[in-house]
Amino acid sequence: MKFSLPFLVSGGGIGGLAAALSLARNGHAVRVFEQSSEFKEIGAGIQLGPNVFRMFEVLGLTDAIKGLAAFPENLVMMDALTGEEITRVPVGGKAFSARFGGYPYAVIHRADMHQVYLEACQAEKGIELSVSRKVLRYEDRSDKTRDRVVLHMEDGEKIEGCALIGADGLWSRVREQMLGDGKPRVSGHIAYRAVLKREDVPEGLWQNNVVLWAGPKTHLVHYPLRRGELYNLVAVFHSDKYDEGWNTFGDPGELHERFSGERPEVLALLAKIEAWKMWVLCDREPVREWSKGRVTLLGDAAHPMLQYLAQGANMATEDGVVLAACVGLSGGDIEGAFKRYQDERYLRTARVQTTARFYGDVFHVSGVLRELRNAWLAEPSAGPPGQAMAWLYDGIRVPK
Ligand SMILES: Cc1cc2nc3c(=O)[nH]c(=O)nc-3n(C[C@H](O)[C@H](O)[C@H](O)COP(=O)(O)OP(=O)(O)OC[C@H]3O[C@@H](n4cnc5c(N)ncnc54)[C@H](O)[C@@H]3O)c2cc1C
C-alpha cells in the first residue's frame with residue numbers, strides 16, 4: 001500500500017535514518033529533516049549485539065558495517081581497585097556465534113555506523129534528506145477529510161505528510177507535544193568519551209576486548225574501533241554538578257579526582273586524554289503509549305536509556321525495522337500500524353531501560369556489595385557464552 005504523501009521524519013540520527021531506510025525499502029516515500037547543518041554523528045564507540053546484526057541483514061547493511069567494525073574476543077569486567085578479573089564472556093568465539101545464529105558481537109565508531117546508514121539512504125530514490133531544518137511542532141489532521149500531518153518548521157514552512165515519526169532524540173519536541181511528560185531524568189552519572197589512535201595507547205594496554213574497569217561510583221570502558229585503528233575510552237562517574245548537557249567539554253580535574261586510587265592501568269589510560277567530551281546521562285521511566293493518531297516516536301525520543309547495556313542505537317535500529325514492517329502489514333491503516341509498532345516494542349525497550357539502570361548500579365557498587373558482585377559474577381554461568389543475554393540478543397521480533 002503506497003500513500004499519496006511521504007512519511008516525515010524529524011531527526012536524522014541513527015534512529016531516524018534506520019526508519020527512513022526501512023520505509024523506503026518497503027516502497028514508501030520519506031522526507032527526513034535534521035536540525036544540524038550536516039548529517040553527522042558525534043561521540044565515540046557503539047557496541048553492536050547480535051540482535052542489531054539481525055536488523056542489518058534485513059536492511060542489507062551487514063557487509064558495510066562489518067567492513068568498518070572491530071570484533072572483540074571477549075567482554076571482560078575487571079575490579080578497578082584490585083586489578084582482579086571479575087568475569088569474561090568470549091563473544092568472539094565459535095560457541096557465541098553458534099548460539100546466536102552466526103550473528104557476531106562487534107564495536108563500531110558512531111560516525112562510521114551513521115555514515116553507512118546515510119549512504120544507504122542517499123542511494124534510495126524515495127528518501128529526501130535535508131539539513132538545517134528544525135521541526136518546531138506538528139498538527140495531526142487525521143480527523144479531517146484529508147488525512148495528513150502538517151509539520152511547522154523553524155523557517156516558517158509548513159510541510160505535509162501522511163504521518164510523522166519523531167526520531168528527534170532525548171530532548172524530543174515531538175514527544176513534548178505528544179506526551180508532555182517533562183524533561184528526561186538526570187541520572188547523576190557523567191560520561192567522558194574520547195578516542196585514541198592505536199599508537200597513542202600506552203604500552204601493553206591495547207587489547208582486542210571490550211574491557212570494563214568497575215570502581216566505586218566509577219567505571220572505565222575501553223575497546224578498539226575501526227578495524228583496530230582507534231581505541232575508544234568511556235569514563236563514567238557520579239556527580240551532582242550538572243543538570244543537562246550534551247557533547248560539551250568537561251572538567252578533567254573532577255574526572256581525575258573521581259578515579260584517584262584506582263589501578264595504574266586505569267590511570268594510565270585516563271592520563272592519555274587531552275580533550276574529553278562530556279555527556280550528562282539521562283533516561284526516562286518506560287511508557288506504554290508513544291503513538292497518537294498519525295504520529296509516533298522512535299529511538300531515544302520514545303525510550304531513552306542509560307548506556308549500561310550498550311543498546312540505545314541497537315534499539316533505535318530495531319524500532320525502524322519493526323515500524324516499517326507494521327506499516328507494511330497494516331493495509332494502509334497508519335494509525336493501526338503505529339499502535340502495533342508501539343505494542344511490539346514497549347516491553348522490550350522497557351526491559352532494556354530498566355536493566356540498564358540495574359547494570360549501572362552493579363558496575364558502581366562499593367564495600368560488601370562490591371565483594372558480593374565479584375563473587376556472584378565469578379560463578380560459572382549456565383549454557384553457552386552470552387546465554388544470560390539471550391532475551392536481548394534473540395528477543396527481537398519483526399512482524400511478518
Ligand atoms: C556514553 C554513551 C555510550 C553509548 N553507547 C552505546 C552503545 O554502545 N550501543 C548503543 O546501541 N547505543 C549506545 N548509546 C546510545 C545511543 O547513542 C543512542 O541511544 C542513539 O544514538 C539514539 O539515536 P536516536 O536517533 O534515537 O537519537 P539521536 O542520536 O539523539 O538523534 C536525534 C537527531 O534528531 C535531531 N533533532 C533533534 N531535535 C530536532 C528538531 N526539532 N528538528 C530536527 N531535528 C532534530 C538531532 O540533531 C539528532 O541528529 C550510548 C550513549 C551514550 C551517551
# chains A, B, ... in the order shown; residues from 1 in each chain; ligands from 1

call {"tool": "closest_atom_pairs", "arguments": {"of": "chain A", "to": "ligand 1", "cutoff": "7 Å", "atoms": "only C-alpha atoms and all ligand atoms", "output": "Markdown table"}}
result
| residue | atom | partner | partner_atom_place_in_ligand_line | distance |
| --- | --- | --- | --- | --- |
| A:Ser10 | CA | ligand 1 | 43 (C) | 4.9 |
| A:Gly11 | CA | ligand 1 | 34 (O) | 3.2 |
| A:Gly12 | CA | ligand 1 | 49 (O) | 4.8 |
| A:Gly13 | CA | ligand 1 | 31 (O) | 3.7 |
| A:Ile14 | CA | ligand 1 | 25 (O) | 4.1 |
| A:Gly15 | CA | ligand 1 | 25 (O) | 3.5 |
| A:Gly16 | CA | ligand 1 | 25 (O) | 5.3 |
| A:Phe33 | CA | ligand 1 | 43 (C) | 5.3 |
| A:Glu34 | CA | ligand 1 | 44 (N) | 3.9 |
| A:Gln35 | CA | ligand 1 | 43 (C) | 3.9 |
| A:Ser36 | CA | ligand 1 | 47 (O) | 5.3 |
| A:Gly45 | CA | ligand 1 | 8 (O) | 6.1 |
| A:Ile46 | CA | ligand 1 | 8 (O) | 3.5 |
| A:Gln47 | CA | ligand 1 | 8 (O) | 3.7 |
| A:Leu48 | CA | ligand 1 | 9 (N) | 6.0 |
| A:Arg133 | CA | ligand 1 | 43 (C) | 5.8 |
| A:Lys134 | CA | ligand 1 | 42 (N) | 3.6 |
| A:Val135 | CA | ligand 1 | 42 (N) | 3.9 |
| A:Leu136 | CA | ligand 1 | 41 (N) | 5.6 |
| A:Ala167 | CA | ligand 1 | 26 (O) | 5.4 |
| A:Asp168 | CA | ligand 1 | 34 (O) | 3.5 |
| A:Gly169 | CA | ligand 1 | 30 (O) | 3.6 |
| A:Leu170 | CA | ligand 1 | 30 (O) | 5.8 |
| A:Trp171 | CA | ligand 1 | 38 (N) | 6.8 |
| A:Ser172 | CA | ligand 1 | 38 (N) | 5.7 |
| A:Arg173 | CA | ligand 1 | 41 (N) | 5.7 |
| A:Ala191 | CA | ligand 1 | 1 (C) | 5.4 |
| A:Arg193 | CA | ligand 1 | 1 (C) | 6.7 |
| A:Val234 | CA | ligand 1 | 1 (C) | 6.6 |
| A:Trp279 | CA | ligand 1 | 53 (C) | 6.0 |
| A:Leu281 | CA | ligand 1 | 53 (C) | 6.1 |
| A:Leu298 | CA | ligand 1 | 26 (O) | 6.2 |
| A:Gly299 | CA | ligand 1 | 26 (O) | 3.5 |
| A:Asp300 | CA | ligand 1 | 26 (O) | 3.9 |
| A:Ala301 | CA | ligand 1 | 26 (O) | 5.9 |
| A:Pro304 | CA | ligand 1 | 19 (O) | 6.6 |
| A:Met305 | CA | ligand 1 | 19 (O) | 6.8 |
| A:Gln307 | CA | ligand 1 | 4 (C) | 4.7 |
| A:Ala310 | CA | ligand 1 | 7 (C) | 3.5 |
| A:Gln311 | CA | ligand 1 | 11 (O) | 3.5 |
| A:Gly312 | CA | ligand 1 | 19 (O) | 3.1 |
| A:Ala313 | CA | ligand 1 | 11 (O) | 3.4 |
| A:Asn314 | CA | ligand 1 | 11 (O) | 4.1 |
| A:Met315 | CA | ligand 1 | 11 (O) | 6.6 |
| A:Ala316 | CA | ligand 1 | 26 (O) | 5.5 |

call {"tool": "closest_residue", "arguments": {"among": "A:Arg198, A:His109, A:Arg226, A:Arg185", "to": "A:Leu306", "atoms": "only C-alpha atoms"}}
result
A:Arg185

call {"tool": "atom_distance", "arguments": {"atom1": "atom CA of A:His219", "atom2": "atom CA of A:Gly67"}}
result
29.4 Å

call {"tool": "closest_residue", "arguments": {"among": "A:Ala64, A:Val295, A:Val89, A:Val76", "to": "A:Glu139", "atoms": "only C-alpha atoms"}}
result
A:Val295

call {"tool": "closest_residue", "arguments": {"among": "A:Arg348, A:Tyr138, A:Ala20, A:Gly180", "to": "A:Glu154", "atoms": "only C-alpha atoms"}}
result
A:Tyr138

call {"tool": "select_by_dssp", "arguments": {"residues": "stretch 228-356 of chain A", "states": "strand (DSSP E or B)", "output": "VMD selection string"}}
result
chain A and resid 230 to 238 246 to 249 277 to 283 291 to 292 295 to 297

call {"tool": "write_last_selection", "arguments": {"atoms": "C-alpha atoms", "output": "PDB file, in the first residue's frame"}}
result
ATOM      1  CA  LEU A 230      41.379   3.525  17.024  1.00  0.00           C
ATOM      2  CA  TYR A 231      40.781   2.986  20.743  1.00  0.00           C
ATOM      3  CA  ASN A 232      37.565   4.082  22.424  1.00  0.00           C
ATOM      4  CA  LEU A 233      37.533   5.256  26.049  1.00  0.00           C
ATOM      5  CA  VAL A 234      34.427   5.969  28.123  1.00  0.00           C
ATOM      6  CA  ALA A 235      34.879   7.069  31.738  1.00  0.00           C
ATOM      7  CA  VAL A 236      31.749   7.312  33.892  1.00  0.00           C
ATOM      8  CA  PHE A 237      31.387   8.690  37.411  1.00  0.00           C
ATOM      9  CA  HIS A 238      28.706  10.004  39.725  1.00  0.00           C
ATOM     10  CA  TRP A 246      25.423  17.080  25.555  1.00  0.00           C
ATOM     11  CA  ASN A 247      28.811  16.940  23.990  1.00  0.00           C
ATOM     12  CA  THR A 248      30.315  19.781  25.971  1.00  0.00           C
ATOM     13  CA  PHE A 249      33.924  19.864  27.120  1.00  0.00           C
ATOM     14  CA  LYS A 277      33.866  15.370  25.742  1.00  0.00           C
ATOM     15  CA  MET A 278      31.253  15.051  28.417  1.00  0.00           C
ATOM     16  CA  TRP A 279      27.691  13.691  28.472  1.00  0.00           C
ATOM     17  CA  VAL A 280      25.244  14.121  31.317  1.00  0.00           C
ATOM     18  CA  LEU A 281      23.458  10.775  31.217  1.00  0.00           C
ATOM     19  CA  CYS A 282      19.667  10.819  31.301  1.00  0.00           C
ATOM     20  CA  ASP A 283      16.830   8.374  30.775  1.00  0.00           C
ATOM     21  CA  SER A 291       1.884   6.733  19.245  1.00  0.00           C
ATOM     22  CA  LYS A 292      -1.069   9.017  18.770  1.00  0.00           C
ATOM     23  CA  VAL A 295       2.403  10.453  14.878  1.00  0.00           C
ATOM     24  CA  THR A 296       4.801   8.078  16.617  1.00  0.00           C
ATOM     25  CA  LEU A 297       8.147   8.192  18.398  1.00  0.00           C
TER      26      LEU A 297
END
